[in-house]
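A quick write-up on the structure given underneath.
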Amino acid sequence: MKAGIHPAYEATTITCACGNAIKTRSTRKDIHVEICSACHPYFTGTQKLIDTEGRVERFRKKYKKK
């Protein structure tokens, strides 16, 4: 690698709006995000599956084990 053309790779902290802080390494100094894996509905299990047209039931019926 050529010297002097790459950005510095240093320790940084990713801070979420919920207050969660993650220590990692990056080329950016401090990173602020709105949502993280600790508060995202998909990862916490609070996400609800909304089936307005029966798509899930049609899928289950179509691929049901016989």
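Residues are named by chain letter and number: chains run A, B, ... in the order of the structure tokens, numbers start at 1 in each chain, and ligands are numbered from 1 in the order shown.
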Might you pull out every residue within 7 Å of Glu10 in chain A, with only C-alpha atoms counted and same-chain residues fewer than 6 positions away left off, and present them as a list in words?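 In the requested form, the answer reads Arg25, Ser26 and Thr27 of chain A.
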I'd like the contact shell of His40 in chain A - 12 Å cut-off, only C-alpha atoms, skipping same-chain residues fewer than 4 positions apart - returned as a PyMOL selection string. chain A and resi 16-18+20+33-36+44-47
Could you give me, as number ranges by chain, each residue of chain A that DSSP assigns to strand (DSSP E) when run on this structure's backbone? A: 10-16, 21-26, 30-33
Just how far from CA of Arg55 in chain A is CA of Cys39 in chain A, in Å to one decimal? 27.9 Å
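The space separating CA of Lys23 in chain A from CA of His6 in chain A comes to 21.7 Å.
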Do you have the CA of Ala8 in chain A-CA of Lys29 in chain A distance handy? 9.7 Å
